[in-house]
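Have a look at structure-v9.cif below; it lists mmCIF, C-alpha atoms and all ligand atoms.
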data_my_file
loop_
_atom_site.label_atom_id
_atom_site.label_comp_id
_atom_site.auth_asym_id
_atom_site.auth_seq_id
_atom_site.Cartn_x
_atom_site.Cartn_y
_atom_site.Cartn_z
CA MET A 1098 18.66 -11.34 -21.23
CA GLY A 1099 19.46 -12.13 -24.81
CA ALA A 1100 22.36 -10.53 -26.64
CA GLY A 1101 21.31 -8.04 -29.26
CA ARG A 1102 18.05 -6.95 -27.68
CA PRO A 1103 17.69 -4.22 -25.08
CA VAL A 1104 17.35 -5.23 -21.45
CA GLU A 1105 13.70 -5.07 -20.34
CA VAL A 1106 13.27 -3.26 -17.03
CA ALA A 1107 10.01 -3.13 -15.06
CA ILE A 1108 9.72 -0.47 -12.35
CA VAL A 1109 6.95 -0.54 -9.75
CA GLY A 1110 6.08 2.91 -8.35
CA GLY A 1111 5.79 6.35 -9.94
CA GLY A 1112 7.30 8.45 -7.16
CA ILE A 1113 10.56 10.38 -7.34
CA ILE A 1114 12.64 7.20 -7.13
CA GLY A 1115 10.72 5.22 -9.75
CA CYS A 1116 10.53 8.14 -12.19
CA ALA A 1117 14.23 9.00 -11.83
CA ALA A 1118 15.21 5.34 -12.22
CA ALA A 1119 13.00 5.08 -15.33
CA ALA A 1120 14.73 8.12 -16.82
CA PHE A 1121 18.26 6.89 -16.10
CA ALA A 1122 17.59 3.30 -17.23
CA ALA A 1123 15.92 4.44 -20.47
CA GLU A 1124 18.77 6.84 -21.20
CA ALA A 1125 21.21 3.95 -20.68
CA GLY A 1126 19.44 2.00 -23.44
CA ALA A 1127 17.07 -0.26 -21.48
CA ARG A 1128 13.44 -0.83 -22.51
CA VAL A 1129 11.67 0.52 -19.48
CA THR A 1130 8.07 0.21 -18.35
CA LEU A 1131 7.05 1.93 -15.12
CA TYR A 1132 3.86 0.72 -13.41
CA GLU A 1133 2.12 3.19 -11.11
CA ARG A 1134 -1.10 2.12 -9.40
CA ALA A 1135 -2.53 5.66 -9.28
CA GLU A 1136 -0.82 8.64 -10.89
CA ILE A 1137 2.68 10.13 -10.99
CA GLY A 1138 3.51 11.58 -7.56
CA ALA A 1139 0.44 10.02 -5.92
CA GLY A 1140 2.45 9.35 -2.75
CA ALA A 1141 4.81 11.62 -0.82
CA SER A 1142 6.67 12.50 -4.02
CA GLY A 1143 3.80 14.75 -5.09
CA ARG A 1144 2.69 15.92 -1.65
CA ASN A 1145 5.84 16.72 0.33
CA MET A 1146 7.12 20.09 1.64
CA GLY A 1147 9.18 20.85 -1.44
CA ALA A 1148 12.47 21.57 0.32
CA VAL A 1149 15.62 20.12 -1.23
CA GLN A 1150 17.99 20.15 1.69
CA HIS A 1151 20.93 18.52 3.40
CA PRO A 1152 19.83 15.34 5.19
CA PHE A 1153 22.08 15.77 8.28
CA ASP A 1154 23.75 12.40 7.67
CA PRO A 1155 27.26 11.86 6.26
CA ILE A 1156 26.15 8.71 4.41
CA LEU A 1157 23.32 10.59 2.70
CA ALA A 1158 25.23 13.83 2.06
CA PRO A 1159 26.79 12.65 -1.25
CA LEU A 1160 23.33 11.62 -2.47
CA TYR A 1161 22.01 15.10 -1.67
CA GLU A 1162 24.91 16.78 -3.46
CA GLU A 1163 24.47 14.65 -6.56
CA THR A 1164 20.71 15.18 -6.49
CA VAL A 1165 21.20 18.97 -6.47
CA GLN A 1166 23.43 18.52 -9.51
CA ILE A 1167 20.79 16.35 -11.24
CA TYR A 1168 18.12 19.01 -10.60
CA ARG A 1169 20.41 21.77 -11.89
CA GLU A 1170 20.93 19.86 -15.14
CA LEU A 1171 17.23 19.04 -15.36
CA SER A 1172 16.28 22.71 -15.05
CA GLN A 1173 18.57 23.47 -18.03
CA ARG A 1174 16.72 21.06 -20.30
CA ASP A 1175 13.14 21.26 -19.00
CA ASP A 1176 11.41 24.65 -19.34
CA GLU A 1177 8.70 23.57 -16.91
CA PHE A 1178 11.15 22.79 -14.10
CA SER A 1179 13.05 25.54 -12.41
CA PHE A 1180 15.60 24.99 -9.67
CA PRO A 1181 17.00 27.88 -7.60
CA GLY A 1182 20.59 28.82 -8.48
CA GLU A 1183 21.51 29.28 -4.82
CA PRO A 1184 20.06 27.79 -1.65
CA ALA A 1185 17.52 30.03 0.06
CA GLY A 1186 19.11 29.01 3.36
CA LEU A 1187 17.59 26.96 6.14
CA LEU A 1188 16.68 28.80 9.33
CA MET A 1189 16.22 26.48 12.28
CA VAL A 1190 14.26 28.50 14.80
CA THR A 1191 13.36 28.14 18.45
CA PRO A 1192 12.14 30.34 21.28
CA ASP A 1193 14.60 28.50 23.55
CA PRO A 1194 18.26 29.44 22.87
CA THR A 1195 19.57 26.59 25.04
CA LEU A 1196 18.42 24.22 22.29
CA LEU A 1197 20.95 25.83 19.97
CA GLU A 1198 23.90 25.00 22.16
CA PRO A 1199 25.95 22.24 20.54
CA ASP A 1200 25.27 18.92 22.25
CA GLY A 1201 28.12 16.93 20.83
CA GLU A 1202 27.98 16.07 17.17
CA GLU A 1203 27.33 18.87 14.71
CA PRO A 1204 25.50 18.13 11.48
CA PRO A 1205 28.14 17.68 8.76
CA LEU A 1206 27.13 20.76 6.85
CA GLY A 1207 30.27 22.76 6.52
CA PRO A 1208 29.85 26.35 7.62
CA ARG A 1209 27.01 26.72 10.06
CA SER A 1210 26.16 30.17 11.28
CA ASP A 1211 26.59 31.12 14.89
CA LEU A 1212 23.65 31.50 17.12
CA LEU A 1213 21.42 34.23 15.69
CA ALA A 1214 19.76 36.39 18.32
CA PRO A 1215 16.13 37.48 17.81
CA ARG A 1216 17.24 40.87 16.44
CA GLN A 1217 19.39 39.17 13.78
CA VAL A 1218 16.63 36.71 12.94
CA GLN A 1219 14.28 39.65 12.48
CA SER A 1220 16.65 41.42 10.14
CA LEU A 1221 16.88 38.25 8.00
CA GLU A 1222 13.18 37.44 8.11
CA PRO A 1223 11.03 40.29 9.47
CA SER A 1224 7.84 38.21 9.30
CA LEU A 1225 9.02 35.73 11.95
CA ALA A 1226 8.06 36.15 15.61
CA ASP A 1227 10.34 38.66 17.35
CA ASP A 1228 11.52 36.32 20.14
CA LEU A 1229 12.98 33.52 18.01
CA TRP A 1230 16.59 32.41 18.10
CA ALA A 1231 17.99 30.60 15.09
CA THR A 1232 20.86 28.99 13.34
CA ARG A 1233 21.24 29.38 9.58
CA LEU A 1234 22.48 26.59 7.32
CA GLU A 1235 23.58 27.03 3.74
CA THR A 1236 21.05 24.57 2.29
CA GLY A 1237 17.37 24.56 1.35
CA PHE A 1238 16.20 24.91 -2.25
CA PRO A 1239 12.40 25.38 -2.25
CA ILE A 1240 10.53 23.88 -5.21
CA PRO A 1241 6.81 23.14 -5.64
CA PRO A 1242 6.13 19.75 -3.98
CA HIS A 1243 5.22 17.87 -7.19
CA ALA A 1244 7.76 19.59 -9.47
CA ALA A 1245 10.80 17.31 -9.26
CA THR A 1246 8.81 14.11 -9.71
CA ALA A 1247 6.81 15.52 -12.62
CA ALA A 1248 10.06 16.66 -14.28
CA MET A 1249 11.67 13.24 -13.79
CA ALA A 1250 8.58 11.60 -15.30
CA ARG A 1251 8.83 13.90 -18.35
CA ARG A 1252 12.51 13.04 -18.66
CA ALA A 1253 11.70 9.31 -18.45
CA ARG A 1254 9.10 9.62 -21.23
CA GLU A 1255 11.49 11.63 -23.37
CA GLY A 1256 14.09 8.91 -22.92
CA GLY A 1257 11.60 6.36 -24.26
CA ALA A 1258 10.23 4.84 -21.02
CA GLN A 1259 6.57 3.76 -20.98
CA LEU A 1260 4.68 5.00 -17.93
CA GLU A 1261 1.56 2.94 -17.26
CA LEU A 1262 -0.74 4.71 -14.83
CA GLY A 1263 -3.54 3.08 -12.87
CA ALA A 1264 -1.52 -0.14 -13.03
CA ALA A 1265 -0.94 -1.84 -9.67
CA ALA A 1266 1.81 -4.43 -10.01
CA VAL A 1267 3.54 -7.09 -7.94
CA PRO A 1268 6.87 -8.68 -8.82
CA ALA A 1269 6.78 -12.07 -10.55
CA VAL A 1270 9.49 -14.38 -9.23
CA VAL A 1271 10.15 -17.92 -10.41
CA ASN A 1272 12.84 -20.17 -8.93
CA GLY A 1273 14.62 -17.29 -7.22
CA ARG A 1274 14.69 -15.10 -10.29
CA ALA A 1275 12.60 -12.04 -11.23
CA VAL A 1276 10.78 -12.64 -14.50
CA GLY A 1277 8.57 -9.54 -14.65
CA VAL A 1278 5.49 -8.25 -12.88
CA VAL A 1279 1.88 -9.29 -12.56
CA LEU A 1280 -0.78 -6.61 -12.95
CA GLU A 1281 -4.23 -6.62 -11.41
CA GLY A 1282 -6.39 -9.27 -13.03
CA LEU A 1283 -3.35 -11.59 -13.11
CA ARG A 1284 -2.00 -10.07 -16.30
CA PRO A 1285 1.71 -10.98 -16.55
CA ARG A 1286 4.31 -8.65 -18.08
CA ALA A 1287 7.75 -10.12 -18.69
CA ALA A 1288 10.95 -8.25 -17.83
CA ASP A 1289 14.61 -9.15 -17.32
CA LEU A 1290 15.01 -6.92 -14.27
CA VAL A 1291 12.45 -5.60 -11.78
CA LEU A 1292 12.86 -2.57 -9.53
CA ILE A 1293 10.52 -2.04 -6.60
CA ALA A 1294 10.30 1.70 -5.90
CA ALA A 1295 6.95 1.79 -4.15
CA GLY A 1296 7.94 3.92 -1.16
CA PRO A 1297 6.40 2.73 2.12
CA TRP A 1298 4.41 0.02 0.32
CA SER A 1299 7.58 -1.68 -0.94
CA PRO A 1300 7.99 -4.24 1.90
CA TYR A 1301 4.53 -5.69 1.21
CA LEU A 1302 5.34 -6.15 -2.46
CA LEU A 1303 8.37 -8.24 -1.56
CA ASP A 1304 6.95 -10.08 1.44
CA PRO A 1305 3.14 -9.96 1.50
CA SER A 1306 3.09 -11.76 4.86
CA GLY A 1307 3.98 -8.40 6.46
CA ARG A 1308 6.80 -9.98 8.48
CA TRP A 1309 9.54 -8.04 6.68
CA GLN A 1310 9.20 -4.42 7.78
CA PRO A 1311 12.47 -2.48 7.51
CA ILE A 1312 10.43 0.42 6.08
CA VAL A 1313 7.30 1.77 7.75
CA ALA A 1314 4.93 4.59 6.83
CA THR A 1315 5.18 7.80 8.85
CA TRP A 1316 2.26 9.95 7.80
CA GLY A 1317 2.47 13.68 7.39
CA ALA A 1318 -0.18 16.31 6.73
CA THR A 1319 0.69 19.59 5.04
CA ALA A 1320 -1.24 22.70 4.04
CA GLN A 1321 -0.69 24.96 1.07
CA LEU A 1322 -1.38 28.57 1.93
CA GLU A 1323 -2.04 31.91 0.38
CA LEU A 1324 0.34 34.17 2.28
CA ALA A 1325 1.53 37.72 1.64
CA SER A 1326 5.33 38.11 2.02
CA PRO A 1327 6.32 34.60 3.15
CA PRO A 1328 9.84 34.04 4.53
CA ARG A 1329 12.47 33.60 1.83
CA HIS A 1330 14.33 30.97 3.86
CA VAL A 1331 13.12 27.46 4.43
CA VAL A 1332 12.06 27.70 8.08
CA GLU A 1333 12.04 24.75 10.42
CA GLU A 1334 11.42 24.44 14.08
CA LEU A 1335 14.66 23.33 15.68
CA ARG A 1336 15.25 19.59 16.10
CA VAL A 1337 13.89 18.74 12.72
CA GLU A 1338 16.96 16.55 12.24
CA SER A 1339 15.45 14.17 14.80
CA VAL A 1340 12.54 13.45 12.43
CA ASN A 1341 14.41 10.74 10.55
CA GLN A 1342 13.29 7.86 12.74
CA PRO A 1343 10.22 5.68 13.16
CA VAL A 1344 7.33 7.38 14.94
CA SER A 1345 7.09 7.40 18.72
CA ASP A 1346 4.41 5.61 20.71
CA ALA A 1347 2.55 8.93 21.06
CA ALA A 1348 2.09 9.03 17.31
CA THR A 1349 0.38 5.66 17.19
CA ALA A 1350 -2.44 6.63 19.58
CA ARG A 1351 -5.44 7.53 17.48
CA PRO A 1352 -6.87 10.00 17.44
CA PRO A 1353 -4.27 12.10 19.28
CA SER A 1354 -5.49 15.27 20.91
CA ALA A 1355 -4.76 18.48 19.03
CA GLU A 1356 -2.00 19.49 21.46
CA LYS A 1357 -0.42 16.05 21.45
CA THR A 1358 -0.37 15.58 17.68
CA PRO A 1359 3.34 15.09 16.99
CA SER A 1360 4.23 17.88 14.59
CA ILE A 1361 7.16 20.11 13.77
CA PHE A 1362 6.62 23.50 12.18
CA THR A 1363 8.20 23.76 8.74
CA LEU A 1364 7.63 26.22 5.91
CA ALA A 1365 8.93 26.31 2.36
CA ALA A 1366 7.90 28.96 -0.15
CA ALA A 1367 8.58 28.25 -3.81
CA GLY A 1368 7.31 31.48 -5.35
CA SER A 1369 3.61 31.69 -4.56
CA VAL A 1370 3.45 28.03 -3.51
CA VAL A 1371 3.76 28.24 0.27
CA THR A 1372 3.60 24.94 2.14
CA ILE A 1373 3.56 24.40 5.90
CA GLY A 1374 3.84 21.13 7.76
CA SER A 1375 3.97 18.66 9.22
CA THR A 1376 2.85 15.75 11.38
CA PHE A 1377 4.57 12.43 12.19
CA LEU A 1378 1.89 9.78 12.62
CA ALA A 1379 1.62 6.02 12.27
CA PHE A 1380 -1.78 6.30 10.57
CA GLU A 1381 -3.16 8.31 7.67
CA PRO A 1382 -4.53 11.60 9.01
CA ASP A 1383 -7.38 13.60 7.52
CA PRO A 1384 -5.40 16.56 6.17
CA ARG A 1385 -8.46 18.84 6.25
CA ALA A 1386 -8.73 18.27 9.99
CA MET A 1387 -4.98 18.64 10.54
CA ALA A 1388 -4.41 21.80 8.48
CA PRO A 1389 -6.01 24.23 10.96
CA LEU A 1390 -3.85 22.70 13.72
CA LEU A 1391 -0.73 23.25 11.64
CA VAL A 1392 -1.70 26.88 11.06
CA GLU A 1393 -2.52 27.39 14.73
CA ARG A 1394 0.81 25.94 15.82
CA GLY A 1395 2.66 27.86 13.10
CA LYS A 1396 1.44 31.23 14.43
CA ARG A 1397 3.91 30.82 17.29
CA PHE A 1398 6.68 31.16 14.70
CA LEU A 1399 5.02 33.20 11.96
CA PRO A 1400 2.35 35.51 13.39
CA GLY A 1401 1.20 36.48 9.87
CA LEU A 1402 -0.42 33.05 9.60
CA ARG A 1403 -3.46 34.53 11.34
CA ASP A 1404 -4.31 36.22 8.03
CA THR A 1405 -3.66 33.23 5.82
CA ARG A 1406 -6.04 31.21 3.68
CA ILE A 1407 -5.63 27.45 3.26
CA VAL A 1408 -5.79 26.69 -0.46
CA ALA A 1409 -5.02 22.94 -0.38
CA THR A 1410 -4.36 20.19 2.14
CA ARG A 1411 -2.48 16.94 1.65
CA ALA A 1412 -1.51 13.80 3.52
CA CYS A 1413 1.24 11.43 2.51
CA ALA A 1414 3.53 8.79 3.98
CA ARG A 1415 7.28 9.02 4.49
CA PRO A 1416 8.91 5.68 3.69
CA GLN A 1417 10.80 5.54 6.98
CA SER A 1418 13.51 2.92 7.30
CA LEU A 1419 14.58 1.60 10.67
CA ASP A 1420 18.03 3.22 10.50
CA GLY A 1421 16.99 6.34 8.58
CA ARG A 1422 18.73 5.39 5.34
CA PRO A 1423 17.29 4.02 2.11
CA LEU A 1424 17.51 0.35 1.11
CA VAL A 1425 19.10 0.09 -2.30
CA GLY A 1426 20.20 -2.90 -4.35
CA GLU A 1427 19.42 -6.47 -5.35
CA VAL A 1428 17.39 -8.49 -2.85
CA ALA A 1429 19.47 -11.40 -1.48
CA GLY A 1430 18.66 -14.71 -3.16
CA MET A 1431 16.42 -13.06 -5.79
CA GLN A 1432 18.28 -12.59 -9.02
CA GLY A 1433 17.17 -9.53 -10.95
CA LEU A 1434 14.87 -8.21 -8.20
CA PHE A 1435 15.98 -4.79 -6.95
CA LEU A 1436 14.72 -2.36 -4.32
CA ALA A 1437 15.15 1.40 -3.91
CA ALA A 1438 12.98 2.73 -1.09
CA GLY A 1439 13.09 4.01 2.47
CA HIS A 1440 14.19 7.62 1.97
CA GLY A 1441 12.16 8.84 4.95
CA PRO A 1442 11.90 12.64 5.11
CA TRP A 1443 14.64 13.21 2.50
CA GLY A 1444 13.50 11.47 -0.69
CA ILE A 1445 13.17 14.62 -2.79
CA SER A 1446 16.62 15.70 -1.60
CA SER A 1447 18.42 12.40 -2.16
CA GLY A 1448 16.17 10.11 -4.22
CA PRO A 1449 17.39 10.80 -7.77
CA ALA A 1450 20.99 10.01 -6.81
CA SER A 1451 20.01 6.70 -5.22
CA ALA A 1452 17.92 5.94 -8.33
CA ARG A 1453 21.08 6.43 -10.36
CA LEU A 1454 22.98 4.08 -8.03
CA VAL A 1455 20.42 1.31 -8.33
CA VAL A 1456 20.23 1.68 -12.12
CA ASP A 1457 24.04 1.46 -12.32
CA ALA A 1458 23.93 -1.71 -10.21
CA MET A 1459 21.10 -3.21 -12.30
CA LEU A 1460 22.46 -2.49 -15.75
CA GLY A 1461 26.16 -2.69 -14.90
CA GLY A 1462 25.74 -5.87 -12.87
CA ASP A 1463 28.11 -4.49 -10.23
CA ALA A 1464 26.68 -4.46 -6.71
CA SER A 1465 29.81 -2.81 -5.33
CA VAL A 1466 28.62 0.61 -6.57
CA ILE A 1467 26.18 0.63 -3.65
CA PRO A 1468 27.74 1.75 -0.36
CA ASP A 1469 27.29 -0.75 2.50
CA GLY A 1470 25.30 1.80 4.53
CA LEU A 1471 22.63 1.92 1.82
CA ASN A 1472 22.65 -1.71 0.73
CA VAL A 1473 19.35 -3.55 1.13
CA ARG A 1474 21.32 -6.54 2.45
CA ARG A 1475 22.17 -4.82 5.73
CA PHE A 1476 18.71 -5.96 6.86
CA ASP A 1477 17.49 -9.54 6.99
CA THR A 1478 16.11 -11.13 3.84
CA PRO A 1479 12.41 -10.91 2.93
CA THR A 1480 10.52 -14.11 2.22
CA VAL A 1481 9.63 -13.25 -1.35
CA ARG A 1482 6.50 -15.03 -2.52
CA GLU A 1483 7.00 -16.78 -5.82
CA VAL A 1484 4.38 -15.70 -8.36
CA HIS A 1485 4.27 -17.87 -11.47
CA VAL A 1486 3.23 -16.26 -14.72
C1 LIG B 1 4.69 15.53 4.80
C2 LIG B 1 5.97 15.18 4.09
C3 LIG B 1 6.84 16.19 3.72
C4 LIG B 1 8.04 15.88 3.08
N1 LIG B 1 8.88 16.89 2.71
C5 LIG B 1 10.05 16.60 2.10
C6 LIG B 1 10.92 17.65 1.72
O1 LIG B 1 10.64 18.83 1.89
N2 LIG B 1 12.12 17.31 1.15
C7 LIG B 1 12.46 15.99 0.92
O2 LIG B 1 13.55 15.73 0.43
N3 LIG B 1 11.61 14.99 1.21
C8 LIG B 1 10.42 15.27 1.81
N4 LIG B 1 9.59 14.25 2.17
C9 LIG B 1 9.99 12.86 1.89
C10 LIG B 1 9.76 12.49 0.44
O3 LIG B 1 8.53 13.00 0.00
C11 LIG B 1 9.79 10.95 0.28
O4 LIG B 1 10.98 10.43 0.85
C12 LIG B 1 9.77 10.55 -1.19
O5 LIG B 1 8.74 11.22 -1.88
C13 LIG B 1 9.61 9.04 -1.34
O6 LIG B 1 9.61 8.75 -2.71
P1 LIG B 1 9.35 7.28 -3.25
O7 LIG B 1 9.41 7.35 -4.72
O8 LIG B 1 10.25 6.33 -2.54
O9 LIG B 1 7.89 6.89 -2.72
P2 LIG B 1 6.44 7.45 -3.02
O10 LIG B 1 6.43 8.89 -3.33
O11 LIG B 1 5.59 6.97 -1.91
O12 LIG B 1 6.03 6.71 -4.35
C14 LIG B 1 5.68 5.36 -4.37
C15 LIG B 1 4.65 5.16 -5.46
O13 LIG B 1 4.40 3.77 -5.59
C16 LIG B 1 3.05 3.60 -5.91
N5 LIG B 1 2.69 2.22 -5.62
C17 LIG B 1 2.56 1.62 -4.41
N6 LIG B 1 2.25 0.32 -4.56
C18 LIG B 1 2.19 0.08 -5.90
C19 LIG B 1 1.92 -1.07 -6.68
N7 LIG B 1 1.64 -2.26 -6.14
N8 LIG B 1 1.94 -0.96 -8.03
C20 LIG B 1 2.22 0.23 -8.62
N9 LIG B 1 2.47 1.36 -7.92
C21 LIG B 1 2.47 1.29 -6.57
C22 LIG B 1 2.34 4.65 -5.08
O14 LIG B 1 1.07 4.97 -5.61
C23 LIG B 1 3.32 5.83 -5.16
O15 LIG B 1 3.00 6.71 -6.21
C24 LIG B 1 8.37 14.53 2.79
C25 LIG B 1 7.46 13.52 3.13
C26 LIG B 1 6.28 13.84 3.78
C27 LIG B 1 5.32 12.74 4.12
#
Let me see whether you can do it: turn the structure in this file into structure tokens.
Ligand SMILES: Cc1cc2nc3c(=O)[nH]c(=O)nc-3n(C[C@H](O)[C@H](O)[C@H](O)COP(=O)(O)OP(=O)(O)OC[C@H]3O[C@@H](n4cnc5c(N)ncnc54)[C@H](O)[C@@H]3O)c2cc1C
Amino acid sequence: MGAGRPVEVAIVGGGIIGCAAAAFAAEAGARVTLYERAEIGAGASGRNMGAVQHPFDPILAPLYEETVQIYRELSQRDDEFSFPGEPAGLLMVTPDPTLLEPDGEEPPLGPRSDLLAPRQVQSLEPSLADDLWATRLETGFPIPPHAATAAMARRAREGGAQLELGAAAVPAVVNGRAVGVVLEGLRPRAADLVLIAAGPWSPYLLDPSGRWQPIVATWGATAQLELASPPRHVVEELRVESVNQPVSDAATARPPSAEKTPSIFTLAAAGSVVTIGSTFLAFEPDPRAMAPLLVERGKRFLPGLRDTRIVATRACARPQSLDGRPLVGEVAGMQGLFLAAGHGPWGISSGPASARLVVDAMLGGDASVIPDGLNVRRFDTPTVREVHV
């Protein structure tokens, strides 16, 4: 890094984390190039459920709160991005009221409503089945699934970042120091600092042997529906907070039977964009085959789904870390090589704030800004392959 010239930053991955990091780094004066092997939001960042919500984890809660703030500011400056002024509310529903009895630790969400009986649930959301119990949480901002990532990409471009699409990249490391990236065809691109933000593919970019796996892919299928009068709340089948963990053995059996497909009913309606989900699988499902199963299962909660039309189907992978929290910071023993990945089911809700953290650590040179519970170094060290350019 020479004095007098801007720091060159290479970012690998054009999901929510990469795009937000590109925006923040460019705004801080770095010369930023983001390399995305497909298109912006090609992974989960463009294909998720579109619910910005509390991640049920005290370590992640500040990231969620800051991310909401970032989206609020973004909606002020970007006419194409709108963010709800107030949360729509999250209704966690179940036909079994015993599931709503507190079993020890409550999610750290501040005021949580009491148990809502079916009659109260009906008065809040008349379209839900009339035998559902619920609890209501003051969180849940529905946005179209691709919207936040697209807005962050626009902000990055406005700030002067170059976004190279269709450009698969691997980090170039020489003598324990990041020197840039290598694109397909062995084309080197120099940089002072490199950030890997490639979601569930990140471990392979650092350690191609596949031995370093603190983040694994948990595949989800979703369906976008045409639906008259969808619920205003984000609706989730109770126990969705248990989704932030690697998939169970059942999810690795392929193909699972329809009944055994691990899925949890969720619905988020951002205006006319109504999305239902979602599965938790160790392999990439065919979303066209999964969508009818999601609708079928969803009818238990939302009978009106019998009259719906599926307008789009999607599959994407959650970058699921082993302890449910992202890995952020400089990789041990690799100067200038940073990672921000592993946001599991909460990347849209917490990703921009962790992108800001990693950019602060990269450009400020101060690793202490990253809380221990998020630091990449809490896991063992990947064997980074040296690539000479
Ligand atoms: C079904 C489903 C529903 C979800 N719903 C929600 C929700 O409602 N709310 C929420 O907060 N979160 C949700 N999530 C989680 C959220 O979508 C993810 O945590 C988040 O999108 C991860 O962002 P990322 O930038 O880390 O990774 P990704 O979005 O996976 O982006 C990584 C990018 O890197 C690119 N890439 C990979 N390798 C290379 C390479 N070698 N060179 C260049 N580019 C490369 C990929 O093409 C991809 O575009 C959901 C996830 C799933 C699967």
Centre, x/y/z edge lengths, axis-aligned box for ligand LIG 1 (chain B) with 5 Å per side, as AutoDock Vina command-line options:
--center_x 7.3 --center_y 8.3 --center_z -1.9 --size_x 22.5 --size_y 31.1 --size_z 23.4
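CA of Pro1442 (chain A) lies 5.7 Å from atom N1 of ligand LIG 1 (chain B).
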Work out how far apart CA of Asp1469 (chain A) and CA of Pro1297 (chain A) are and give it in Å to one decimal.
->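 Those two atoms sit 21.2 Å apart.
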Quick one: residues within 6 Å of ligand LIG 1 (chain B), with all atoms listed in the file, as JSON, numbers by chain?
-> {"A": [1109, 1110, 1111, 1112, 1113, 1114, 1115, 1132, 1133, 1134, 1135, 1137, 1138, 1139, 1140, 1141, 1142, 1145, 1146, 1147, 1148, 1149, 1264, 1265, 1266, 1267, 1294, 1295, 1296, 1297, 1298, 1316, 1317, 1318, 1319, 1375, 1413, 1414, 1415, 1416, 1438, 1440, 1441, 1442, 1443, 1444, 1445, 1446]}
Using all atoms listed in the file, which residues sit within 8 Å of region 1215-1217 of chain A once same-chain residues fewer than 2 positions away are excluded, as a ChimeraX atom specification?
-> /A:1213,1219-1221,1227-1231
Which residues come within 9 Å of Ala1122 (chain A), counting only C-alpha atoms, excluding same-chain residues fewer than 3 positions away, as a ChimeraX atom specification?
-> /A:1106,1117-1119,1125-1129,1253,1256,1258,1453,1456-1457,1459-1460
Provide the CA of Arg1233 (chain A) to CA of Gly1186 (chain A) distance in Å, to one decimal place.
-> 6.6 Å
Tell me which of A:Thr1372, A:Ser1451, A:Ser1224, A:Ser1360 sits closest to Leu1399 (chain A), counting all atoms listed in the file.
->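 The shortest atom-to-atom distance to Leu1399 (chain A) comes from A:Ser1224.
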